[in-house]
Amino acid sequence: MEILRTENLSKTYGKSQTKVEAIKNVSFSVSKGEFVSVVGPSGSGKTTLLNLLGALDIPTSGKVFLDQRDVFTMGEEALAVFRRRNIGFVFQAYNLVPELNVEENITLPLLLDYKKPEKQYIDQLLDTLGLTERKYHLPSQLSGGQQQRVAIGRALATRPSMILADEPTGNLDSKTGRDVIELMRLSVDRYRQTLIIITHNENYASYADRVFQVEDGVVTELGGGKE
């Protein structure tokens, strides 16, 4: 079942001599429950692509369909609500609220949407993420790997249709980074999430079902990553 589709997606910055084609006529689809990794050199357009898929940036031309909704036909307010309810984001910077503990950071997106957290699901998330013993700790009392796990939990809390992760292991050592990638793989399998992750690490990309490469704004599929 298709969850995401792009049609001739393009993003251009600047004009004339300063014109940069960050993304060029990208068309692909992703199925529900798929884990897709996106690789490519710095400046290739990976983050621009992810921002377009997450409706954090507006394309110069082309379309993005999420759950069969034409994302960029929505008004600004409707798009903000749609994004909050359907897309979970995990960034290299953890972006946790320092005054909130682990459990509060994870449930924050639900509270912002005036929804009551489902205790059983949140407890299950904390257990899956290995954070049950840390749920009352503040971010300053956690390691980098633990903070990234909280960020993953926050992305999963609303049960979004899709999770987008931009270099989520960039600030972590290799062992912790591998643990985080394995945890995200587990989350995809356990909760039937669709995950698109940007990574420079080809070993991490191998955990994915499919691998896309971005180079000079052009996206090509390299095939399956997971053995």
# chains A, B, ... in the order shown; residues from 1 in each chain; ligands from 1
>>> select_by_dssp(residues="stretch 157-223 of chain A", states="strand (DSSP E or B)", output="list in words")
Met162, Ile163, Leu164, Ala165, Asp166, Thr194, Leu195, Ile196, Ile197, Ile198, Arg210, Val211, Phe212, Gln213, Val214, Glu215, Val218, Val219, Thr220, Glu221, Leu222 and Gly223 of chain A
>>> residues_around(residues="A:Tyr191", least_positions_apart="6", cutoff="9 Å", atoms="only C-alpha atoms", output="PyMOL selection string")
chain A and resi 33+156+159
>>> write_last_selection(atoms="N, CA and C atoms", output="compact mmCIF listing (two decimals), in the first residue's frame")
# COMPACT_ATOMS: atom_id res chain seq x y z
N GLY A 33 5.08 1.04 5.82
CA GLY A 33 5.92 0.09 6.55
C GLY A 33 7.32 -0.08 5.99
N LEU A 156 7.44 9.04 17.48
CA LEU A 156 6.51 7.91 17.41
C LEU A 156 5.22 8.14 18.21
N ARG A 159 1.84 8.34 16.61
CA ARG A 159 1.60 7.27 15.63
C ARG A 159 1.48 7.83 14.22
>>> closest_atom_pairs(of="stretch 74-168 of chain A", to="stretch 51-62 of chain A", cutoff="10 Å", atoms="only C-alpha atoms", output="Markdown table")
| residue | atom | partner | partner_atom | distance |
| --- | --- | --- | --- | --- |
| A:Leu79 | CA | A:Ala55 | CA | 7.9 |
| A:Ala80 | CA | A:Ala55 | CA | 8.7 |
| A:Phe82 | CA | A:Ala55 | CA | 9.6 |
| A:Arg83 | CA | A:Ala55 | CA | 7.2 |
| A:Arg84 | CA | A:Gly54 | CA | 10.0 |
| A:Asn86 | CA | A:Gly54 | CA | 9.4 |
| A:Ile87 | CA | A:Gly54 | CA | 6.8 |
| A:Gly88 | CA | A:Gly54 | CA | 8.7 |
| A:Phe89 | CA | A:Gly54 | CA | 8.2 |
| A:Met162 | CA | A:Gly54 | CA | 8.9 |
| A:Ile163 | CA | A:Gly54 | CA | 8.8 |
| A:Leu164 | CA | A:Gly54 | CA | 7.2 |
| A:Asp166 | CA | A:Asn51 | CA | 9.3 |
>>> write_last_selection(atoms="C-alpha atoms", output="PDB file, in the first residue's frame")
ATOM      1  CA  LEU A  79      -0.825  21.958   6.554  1.00  0.00           C
ATOM      2  CA  ALA A  80       0.674  22.637   9.992  1.00  0.00           C
ATOM      3  CA  PHE A  82      -1.606  17.723   8.987  1.00  0.00           C
ATOM      4  CA  ARG A  83       2.176  17.714   9.414  1.00  0.00           C
ATOM      5  CA  ARG A  84       1.936  17.515  13.215  1.00  0.00           C
ATOM      6  CA  ASN A  86       1.018  12.586  10.193  1.00  0.00           C
ATOM      7  CA  ILE A  87       4.776  13.158  10.166  1.00  0.00           C
ATOM      8  CA  GLY A  88       7.315  12.515  12.905  1.00  0.00           C
ATOM      9  CA  PHE A  89      10.695  14.227  12.682  1.00  0.00           C
ATOM     10  CA  MET A 162       5.715   8.574   8.275  1.00  0.00           C
ATOM     11  CA  ILE A 163       8.927   9.336  10.172  1.00  0.00           C
ATOM     12  CA  LEU A 164      11.654  11.470   8.597  1.00  0.00           C
ATOM     13  CA  ASP A 166      17.961  13.684   9.122  1.00  0.00           C
TER      14      ASP A 166
END
>>> residues_around(residues="stretch 137-151 of chain A", least_positions_apart="6", cutoff="12 Å", atoms="only C-alpha atoms", output="PyMOL selection string")
chain A and resi 88-109+122+125-131+157+163-184+187
>>> write_last_selection(atoms="C-alpha atoms", output="compact mmCIF listing (two decimals), in the first residue's frame")
# COMPACT_ATOMS: atom_id res chain seq x y z
CA GLY A 88 7.32 12.51 12.90
CA PHE A 89 10.69 14.23 12.68
CA VAL A 90 14.04 13.11 14.14
CA PHE A 91 16.98 15.47 13.65
CA GLN A 92 20.70 15.35 14.37
CA ALA A 93 20.08 17.95 17.09
CA TYR A 94 17.76 16.33 19.60
CA ASN A 95 15.64 19.50 20.12
CA LEU A 96 14.39 18.35 23.51
CA VAL A 97 12.80 20.80 25.95
CA PRO A 98 15.36 21.02 28.80
CA GLU A 99 12.77 21.72 31.51
CA LEU A 100 10.70 18.61 30.66
CA ASN A 101 11.55 15.08 31.69
CA VAL A 102 11.77 12.12 29.29
CA GLU A 103 8.09 11.16 29.48
CA GLU A 104 6.96 14.79 29.13
CA ASN A 105 9.19 15.36 26.09
CA ILE A 106 7.78 12.24 24.41
CA THR A 107 4.14 13.18 25.05
CA LEU A 108 4.58 16.88 24.17
CA PRO A 109 3.32 16.57 20.54
CA ILE A 122 3.60 5.52 26.00
CA LEU A 125 7.34 3.07 23.82
CA LEU A 126 9.47 3.82 26.88
CA ASP A 127 10.12 0.09 27.28
CA THR A 128 11.01 -0.41 23.60
CA LEU A 129 13.37 2.57 23.75
CA GLY A 130 15.00 1.35 26.96
CA LEU A 131 13.93 4.50 28.80
CA ALA A 157 4.15 9.27 20.09
CA ILE A 163 8.93 9.34 10.17
CA LEU A 164 11.65 11.47 8.60
CA ALA A 165 15.12 11.35 10.15
CA ASP A 166 17.96 13.68 9.12
CA GLU A 167 21.35 12.28 10.19
CA PRO A 168 19.98 11.05 13.54
CA THR A 169 23.32 9.43 14.41
CA GLY A 170 25.50 12.39 13.41
CA ASN A 171 26.35 13.37 17.00
CA LEU A 172 26.82 9.82 18.29
CA ASP A 173 29.76 7.44 18.48
CA SER A 174 29.67 4.44 16.15
CA LYS A 175 28.33 1.90 18.66
CA THR A 176 25.58 4.21 19.95
CA GLY A 177 24.76 5.20 16.37
CA ARG A 178 24.36 1.56 15.40
CA ASP A 179 22.13 0.98 18.44
CA VAL A 180 19.91 3.91 17.40
CA ILE A 181 19.60 2.64 13.81
CA GLU A 182 18.73 -0.85 15.07
CA LEU A 183 16.13 0.70 17.37
CA MET A 184 14.59 2.64 14.47
CA SER A 187 10.24 0.61 15.58
>>> residues_around(residues="A:Val219", least_positions_apart="5", cutoff="10 Å", atoms="only C-alpha atoms", output="PyMOL selection string")
chain A and resi 23-28+38-40+44-46+49+212-214
>>> residues_around(residues="A:Gly43", least_positions_apart="5", cutoff="10 Å", atoms="only C-alpha atoms", output="list of chain:residue names")
A:Ala22, A:Thr48, A:Val214, A:Glu215, A:Asp216, A:Gly217
>>> write_last_selection(atoms="C-alpha atoms", output="compact mmCIF listing (two decimals), in the first residue's frame")
# COMPACT_ATOMS: atom_id res chain seq x y z
CA ALA A 22 18.85 21.55 -5.30
CA THR A 48 16.31 19.61 0.85
CA VAL A 214 21.08 11.88 -4.17
CA GLU A 215 23.79 13.52 -6.25
CA ASP A 216 23.58 17.03 -7.70
CA GLY A 217 19.85 17.05 -6.99
>>> decode(residues="stretch 2-16 of chain A", atoms="N, CA and C atoms", output="tab-separated table (two decimals), in the first residue's frame")
chain	number	residue	atom	x	y	z
A	2	GLU	N	0.65	2.11	-0.96
A	2	GLU	CA	1.48	3.31	-1.10
A	2	GLU	C	1.14	4.34	-0.02
A	3	ILE	N	2.18	4.87	0.65
A	3	ILE	CA	1.97	5.89	1.67
A	3	ILE	C	2.47	7.25	1.20
A	4	LEU	N	3.51	7.25	0.33
A	4	LEU	CA	4.12	8.50	-0.13
A	4	LEU	C	4.41	8.42	-1.62
A	5	ARG	N	4.14	9.52	-2.32
A	5	ARG	CA	4.48	9.59	-3.74
A	5	ARG	C	4.91	11.01	-4.09
A	6	THR	N	5.98	11.12	-4.85
A	6	THR	CA	6.39	12.43	-5.37
A	6	THR	C	6.28	12.40	-6.89
A	7	GLU	N	5.90	13.54	-7.47
A	7	GLU	CA	5.79	13.65	-8.93
A	7	GLU	C	6.56	14.87	-9.40
A	8	ASN	N	7.63	14.62	-10.13
A	8	ASN	CA	8.44	15.69	-10.74
A	8	ASN	C	8.79	16.79	-9.73
A	9	LEU	N	9.22	16.38	-8.57
A	9	LEU	CA	9.51	17.32	-7.48
A	9	LEU	C	10.82	18.05	-7.74
A	10	SER	N	10.77	19.37	-7.71
A	10	SER	CA	11.96	20.19	-7.96
A	10	SER	C	12.03	21.34	-6.97
A	11	LYS	N	13.25	21.73	-6.62
A	11	LYS	CA	13.47	22.89	-5.77
A	11	LYS	C	14.68	23.66	-6.28
A	12	THR	N	14.44	24.93	-6.59
A	12	THR	CA	15.50	25.80	-7.12
A	12	THR	C	15.67	27.00	-6.19
A	13	TYR	N	16.91	27.33	-5.91
A	13	TYR	CA	17.23	28.51	-5.11
A	13	TYR	C	17.95	29.53	-5.98
A	14	GLY	N	17.62	30.82	-5.77
A	14	GLY	CA	18.31	31.88	-6.51
A	14	GLY	C	17.84	32.00	-7.94
A	15	LYS	N	18.43	32.95	-8.65
A	15	LYS	CA	18.07	33.20	-10.05
A	15	LYS	C	19.34	33.48	-10.86
A	16	SER	N	19.19	33.33	-12.16
A	16	SER	CA	20.27	33.63	-13.12
A	16	SER	C	21.57	32.95	-12.71
